[in-house]
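Single-structure report; data block below.
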2 protein chains.
Amino acid sequence: MFTNMVHALWQQFPTINRKLNDLTQYLATTVHSGNAEIDQQVTGLLTSGGKLLRPGLFYMFAQLGPVQDAKRQRAAAAAIELLHVATLIHDDVLDDAELRHGQPTLQVRHGNKTAIYTGDFLFTSYFDEILKATDSHAEIQSANDIMRFILAGELNQLALNFDPQPTVTDYLTEIEGKTARLFGFAMKFGVAISKGTSSEAKVAQQIGIALGMAYQIRDDILDYVANPSTATKPVRHDLREGVFTLPLILASQNEPDWFAQRLQDQQHLSDDAIQTITQRVIDSNGPKRAEQLAQQYTEKARSLIATLPEPLATQLTALVSQLLVRHA
Amino acid sequence: MFTNMVHALWQQFPTINRKLNDLTQYLATTVHSGNAEIDQQVTGLLTSGGKLLRPGLFYMFAQLGPVQDAKRQRAAAAAIELLHVATLIHDDVLDDAELRHGQPTLQVRHGNKTAIYTGDFLFTSYFDEILKATDSHAEIQSANDIMRFILAGELNQLALNFDPQPTVTDYLTEIEGKTARLFGFAMKFGVAISKGTSSEAKVAQQIGIALGMAYQIRDDILDYVANPSTATKPVRHDLREGVFTLPLILASQNEPDWFAQRLQDQQHLSDDAIQTITQRVIDSNGPKRAEQLAQQYTEKARSLIATLPEPLATQLTALVSQLLVRHA
């Protein structure tokens, strides 16, 4: 019997859906830390029915080139998801996030120490899969570059946390490093592994970055507008951690003094302060104005997608419509 | 004017000393996280006059083969030190160690979050240097394998922490992963980069592992016998963290019940308990008996070193005598 373990998003694309099913089973075999309990936890994270967005987008672009090597593609797709999950694990250690896909995070169950080394361990699994996916020194280098880019983005974000006068430019740089670049890498890598042209690789990366920017902005909007009682992730979490995202930044442009006063020296905001600030962000149309910027990135992605050959262009257009849902 | 920034240990070998001086300056240029303050901190760690033991041993074995490419050797030596420092940074986050080479650790100054991402960032610097050092897929793979081995060792150690009946076998497996394998890798990599023979590489690795085992056991003995008022690292630190090392394990073989009772369910031992247990370990000749095992590994290393060509054999023999000083 065929059991579909993959997110409903992919059911409209039977080939990709099948590959992601294979990938899910493969991912379960990639983790061998020598500690059965940790392996089980990590396998749970890797196969828990997340959207597998980055590997899915990788597979879509891996259709472009002439070389179709299923094993190398699977290793590359696995690498991308492993890197994503490794950074999530370290992100959870840091943020004391209590929910990730609605389950207790690794460090809640096993302590910070274990979670840090587990994330580290997954970085080596990432490189293992990269080395299975490609013999090209340049591609291995670019796989290391993307990891460095993401981590520099995280360090950059930390340096900006609790900055009482956050700017749109800082925010955009931050989310490019944290999210958009990995989208860009996943799609570019799809072209590279299938030996597509370098101009296809370039367009793929540009689409990925635009898509990733729109995706992250919408996620940050959701953090302000989501209903705490139905959300699967903790809400108002960014604000609590001193991460001031686009809705707040845009709202604060209307009344910089009001926001600067409340964010000044607030290493950790009280629940009351969080409620007051959240309401002010919404009243000042922060989410709506952030949505306009998300829309610009979405349009950029769409117009680049239109230059791609069929059926990829139509498939991606459909996917983007479902993925990038307006929240404001 | 020539300023020697390298530990006195290396002054007896002018060629190695010069290479390590170059390396120290080179290491200062390898860290570019985009955050000046972090770069400065990490550069401090990399160039603070530590023994540079692993790169030094790498350089000694890199004399063996016929290919002498100074740039590739320097990149390989840098990689080895970067991996070592990255794991130290994550180790410090975990252990709340307050001293490392007598200076406040990164996370004391900048918080756990920054230290975790800085360690992660250094892993990418490690791979950058590995990719500069070699084009060989097999060598890149072995560089990833050693990182995985170290992290599996750390995870393994965590799983065994606070185990009230620790065994010698568990301990030896643990320190092999945590310390000895990187020594083995450094020396084997020296042979590989200089294109020595595969049998030379094998002997180099065996010497490295034996040396690393002896070195770690002696370090663990020191944790029991060092005088807290003169030590540059915190003493009785392992015991405090639930890491039960060889002196305690061997002492507990004499009176398993006494130790099992005191270690049972002791997530964190009181200062009094630590003092009582430490005294009992010393009274039961735990350090002396651990020293005997260290001596066995030292002898194994010495007899393998004797099979090496001159002047390497004589140089290494001298180094081992100075490095592996008896503490009990």
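Ordered as shown in the structure tokens, chains take letters A, B, and onward, while each chain numbers its residues from 1 and ligands are numbered from 1 in the order shown.
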Using only C-alpha atoms, which chain B residues lie at most 6 Å away from chain A, written as a list in words?
Ser33, Leu94, Lys113, Phe121, Thr124, Arg148, Leu151 and Ala152 of chain B
Based on the selection just made, write N, CA, C and O atoms of those residues as a PDB file, in the first residue's frame.
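Once everything was written out, this is again_3.pdb:
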```pdb
ATOM      1  N   SER B  33      32.970  37.176   9.666  1.00  0.00           N
ATOM      2  CA  SER B  33      31.549  36.885   9.869  1.00  0.00           C
ATOM      3  C   SER B  33      30.686  38.074   9.476  1.00  0.00           C
ATOM      4  O   SER B  33      29.475  37.957   9.397  1.00  0.00           O
ATOM      5  N   LEU B  94      28.213  24.975  26.370  1.00  0.00           N
ATOM      6  CA  LEU B  94      27.540  23.901  27.069  1.00  0.00           C
ATOM      7  C   LEU B  94      27.928  23.828  28.523  1.00  0.00           C
ATOM      8  O   LEU B  94      27.102  23.650  29.395  1.00  0.00           O
ATOM      9  N   LYS B 113      23.697  32.604  22.442  1.00  0.00           N
ATOM     10  CA  LYS B 113      23.247  32.628  21.051  1.00  0.00           C
ATOM     11  C   LYS B 113      24.401  32.920  20.120  1.00  0.00           C
ATOM     12  O   LYS B 113      24.626  32.234  19.128  1.00  0.00           O
ATOM     13  N   PHE B 121      29.651  29.075  12.468  1.00  0.00           N
ATOM     14  CA  PHE B 121      30.333  29.836  11.425  1.00  0.00           C
ATOM     15  C   PHE B 121      31.752  29.299  11.205  1.00  0.00           C
ATOM     16  O   PHE B 121      32.202  29.151  10.068  1.00  0.00           O
ATOM     17  N   THR B 124      32.087  26.405   8.942  1.00  0.00           N
ATOM     18  CA  THR B 124      32.153  26.728   7.507  1.00  0.00           C
ATOM     19  C   THR B 124      33.547  27.235   7.141  1.00  0.00           C
ATOM     20  O   THR B 124      34.018  26.989   6.031  1.00  0.00           O
ATOM     21  N   ARG B 148      32.305  14.611  12.013  1.00  0.00           N
ATOM     22  CA  ARG B 148      31.173  13.816  12.493  1.00  0.00           C
ATOM     23  C   ARG B 148      31.593  12.934  13.671  1.00  0.00           C
ATOM     24  O   ARG B 148      30.875  12.798  14.654  1.00  0.00           O
ATOM     25  N   LEU B 151      31.750  14.967  16.868  1.00  0.00           N
ATOM     26  CA  LEU B 151      30.433  15.346  17.382  1.00  0.00           C
ATOM     27  C   LEU B 151      29.680  14.141  17.916  1.00  0.00           C
ATOM     28  O   LEU B 151      28.981  14.234  18.929  1.00  0.00           O
ATOM     29  N   ALA B 152      29.834  12.987  17.251  1.00  0.00           N
ATOM     30  CA  ALA B 152      29.225  11.768  17.785  1.00  0.00           C
ATOM     31  C   ALA B 152      29.841  11.460  19.146  1.00  0.00           C
ATOM     32  O   ALA B 152      29.146  11.024  20.071  1.00  0.00           O
TER      33      ALA B 152
END
```
As a PyMOL selection string, please: all residues of range 96-263 of chain A that backbone DSSP puts in helix (DSSP H, G or I).
chain A and resi 106-133+137-160+168-193+198-225+237-240+246-254+256-263
Among the residues A:Gly65, A:Pro247, A:Gly208, A:Pro228, the one that comes closest to Leu304 in chain A [using only C-alpha atoms]:
A:Gly208
Pick out the residues sitting within 7 Å of range 7-21 of chain B, and hand them over as a list in words; count only C-alpha atoms, and ignore anything fewer than 2 positions along from it in its own chain.
Asn4, Met5, Leu23, Thr24, Gln25, Gly49, Gly50, Lys51, Gly56 and Tyr59 of chain B
Store the residues picked out above in a file with C-alpha atoms, as a PDB file, in the first residue's frame.
```pdb
ATOM      1  CA  ASN B   4      57.525  34.922  17.882  1.00  0.00           C
ATOM      2  CA  MET B   5      53.826  34.450  18.681  1.00  0.00           C
ATOM      3  CA  LEU B  23      49.800  30.154  10.447  1.00  0.00           C
ATOM      4  CA  THR B  24      48.941  32.411  13.376  1.00  0.00           C
ATOM      5  CA  GLN B  25      49.001  35.442  11.114  1.00  0.00           C
ATOM      6  CA  GLY B  49      49.331  31.683  21.958  1.00  0.00           C
ATOM      7  CA  GLY B  50      47.747  28.293  22.602  1.00  0.00           C
ATOM      8  CA  LYS B  51      50.029  25.348  21.909  1.00  0.00           C
ATOM      9  CA  GLY B  56      52.100  21.581  14.776  1.00  0.00           C
ATOM     10  CA  TYR B  59      53.250  20.129   9.974  1.00  0.00           C
TER      11      TYR B  59
END
```
Contacts of Ala78 in chain A at 8 Å or less, counting only C-alpha atoms, minus same-chain residues fewer than 3 places along, as JSON, numbers by chain?
{"A": [23, 26, 27, 55, 74, 75, 81, 82, 126, 129]}
Could you write out that same residue set with N, CA, C and O atoms as a short mmCIF file (atom, residue, chain, number, x, y, z; two decimals), in the first residue's frame?
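Result went into result_0.cif, see below:
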```cif
data_model
loop_
_atom_site.label_atom_id
_atom_site.label_comp_id
_atom_site.auth_asym_id
_atom_site.auth_seq_id
_atom_site.Cartn_x
_atom_site.Cartn_y
_atom_site.Cartn_z
N LEU A 23 12.15 10.76 -0.70
CA LEU A 23 13.10 11.55 0.09
C LEU A 23 12.83 11.38 1.58
O LEU A 23 13.77 11.23 2.37
N TYR A 26 14.19 8.23 2.66
CA TYR A 26 15.65 8.30 2.62
C TYR A 26 16.21 9.10 3.80
O TYR A 26 17.18 8.70 4.44
N LEU A 27 15.56 10.22 4.10
CA LEU A 27 16.03 11.07 5.20
C LEU A 27 16.08 10.29 6.51
O LEU A 27 16.98 10.50 7.34
N PRO A 55 13.40 21.24 -0.51
CA PRO A 55 13.65 20.10 -1.43
C PRO A 55 12.64 20.04 -2.58
O PRO A 55 13.01 19.69 -3.70
N ARG A 74 18.47 12.96 -5.14
CA ARG A 74 17.93 12.68 -3.81
C ARG A 74 18.92 13.12 -2.73
O ARG A 74 18.52 13.68 -1.70
N ALA A 75 20.21 12.88 -2.97
CA ALA A 75 21.22 13.31 -1.99
C ALA A 75 21.21 14.83 -1.85
O ALA A 75 21.31 15.37 -0.74
N GLU A 81 17.40 19.81 2.99
CA GLU A 81 16.51 19.69 4.15
C GLU A 81 17.32 19.53 5.44
O GLU A 81 16.95 20.08 6.49
N LEU A 82 18.42 18.79 5.38
CA LEU A 82 19.27 18.61 6.57
C LEU A 82 19.83 19.94 7.05
O LEU A 82 19.86 20.22 8.26
N TYR A 126 24.73 17.03 6.35
CA TYR A 126 24.55 17.91 5.19
C TYR A 126 25.71 17.73 4.20
O TYR A 126 25.50 17.48 3.02
N GLU A 129 25.80 14.39 2.34
CA GLU A 129 24.87 14.31 1.20
C GLU A 129 25.35 15.17 0.04
O GLU A 129 25.22 14.79 -1.12
#
```
Surrounding residues of Ile274 in chain B excluding itself and chain neighbours under 6 positions, 12 Å, only C-alpha atoms, as a ChimeraX atom specification
/B:224,235-242,244,248,259,262-263,266,268,280-281
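Excluding range 162-172 of chain A and any residue on its chain fewer than 4 positions from it, the residues at most 8 Å away by only C-alpha atoms are Glu176, Met213, Gly242, Val243, Phe244, Thr245, Leu246, Ile249, Leu250, Pro256, Phe259, Ala260, Gln261, Leu263, Gln264, Asp265, Gln266 and Gln267 of chain A.
In this structure, CA of Ser303 in chain A sits 15.0 Å away from CA of Leu324 in chain A.
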Can you list, as a ChimeraX atom specification, every protein, DNA or RNA residue that comes within 12 Å of Pro311 in chain A when you count only C-alpha atoms, leaving out same-chain residues fewer than 6 positions away?
/A:13,60-61,63-64,305,317-318
What does the file look like for those residues with all heavy atoms, as a short mmCIF file (atom, residue, chain, number, x, y, z; two decimals), in the first residue's frame?
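File written: result19.cif
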```cif
data_model
loop_
_atom_site.label_atom_id
_atom_site.label_comp_id
_atom_site.auth_asym_id
_atom_site.auth_seq_id
_atom_site.Cartn_x
_atom_site.Cartn_y
_atom_site.Cartn_z
N PHE A 13 1.34 17.81 -8.00
CA PHE A 13 2.47 17.48 -8.89
C PHE A 13 2.93 16.06 -8.59
O PHE A 13 3.84 15.84 -7.78
CB PHE A 13 3.64 18.45 -8.66
CG PHE A 13 3.23 19.90 -8.65
CD1 PHE A 13 3.45 20.69 -7.54
CD2 PHE A 13 2.62 20.48 -9.77
CE1 PHE A 13 3.08 22.03 -7.53
CE2 PHE A 13 2.24 21.81 -9.77
CZ PHE A 13 2.47 22.59 -8.64
N MET A 60 11.74 20.71 -8.44
CA MET A 60 11.09 21.36 -9.58
C MET A 60 12.13 21.88 -10.57
O MET A 60 12.00 21.69 -11.77
CB MET A 60 10.18 22.49 -9.09
CG MET A 60 8.96 21.95 -8.34
SD MET A 60 7.73 23.21 -7.96
CE MET A 60 6.60 22.99 -9.33
N PHE A 61 13.18 22.51 -10.04
CA PHE A 61 14.20 23.07 -10.94
C PHE A 61 15.16 22.00 -11.47
O PHE A 61 15.81 22.21 -12.50
CB PHE A 61 14.95 24.21 -10.26
CG PHE A 61 14.18 25.49 -10.29
CD1 PHE A 61 13.23 25.78 -9.32
CD2 PHE A 61 14.34 26.39 -11.34
CE1 PHE A 61 12.48 26.94 -9.37
CE2 PHE A 61 13.59 27.56 -11.40
CZ PHE A 61 12.67 27.83 -10.41
N GLN A 63 14.24 19.50 -12.84
CA GLN A 63 13.64 19.00 -14.09
C GLN A 63 14.19 19.74 -15.31
O GLN A 63 14.01 19.29 -16.44
CB GLN A 63 12.11 19.19 -14.05
CG GLN A 63 11.42 18.48 -12.90
CD GLN A 63 9.93 18.85 -12.78
OE1 GLN A 63 9.06 18.03 -13.01
NE2 GLN A 63 9.66 20.10 -12.44
N LEU A 64 14.83 20.88 -15.06
CA LEU A 64 15.23 21.76 -16.17
C LEU A 64 16.36 21.20 -17.03
O LEU A 64 16.34 21.32 -18.25
CB LEU A 64 15.65 23.13 -15.63
CG LEU A 64 14.58 24.21 -15.55
CD1 LEU A 64 15.20 25.52 -15.07
CD2 LEU A 64 13.90 24.43 -16.90
N ILE A 305 9.35 33.86 -13.23
CA ILE A 305 8.81 32.52 -13.48
C ILE A 305 8.23 32.44 -14.90
O ILE A 305 8.36 31.42 -15.59
CB ILE A 305 7.75 32.14 -12.41
CG1 ILE A 305 8.44 31.84 -11.07
CG2 ILE A 305 6.91 30.95 -12.86
CD1 ILE A 305 7.50 31.74 -9.88
N THR A 317 3.82 28.81 -10.95
CA THR A 317 2.82 29.87 -10.75
C THR A 317 1.72 29.38 -9.81
O THR A 317 1.31 30.10 -8.88
CB THR A 317 2.23 30.30 -12.10
OG1 THR A 317 3.30 30.73 -12.94
CG2 THR A 317 1.24 31.45 -11.93
N ALA A 318 1.27 28.15 -10.04
CA ALA A 318 0.24 27.56 -9.16
C ALA A 318 0.76 27.45 -7.73
O ALA A 318 0.07 27.81 -6.77
CB ALA A 318 -0.17 26.19 -9.69
#
```
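CA of Val320 in chain A to CA of Gly44 in chain A spans 27.3 Å [interatomic distance, one decimal].
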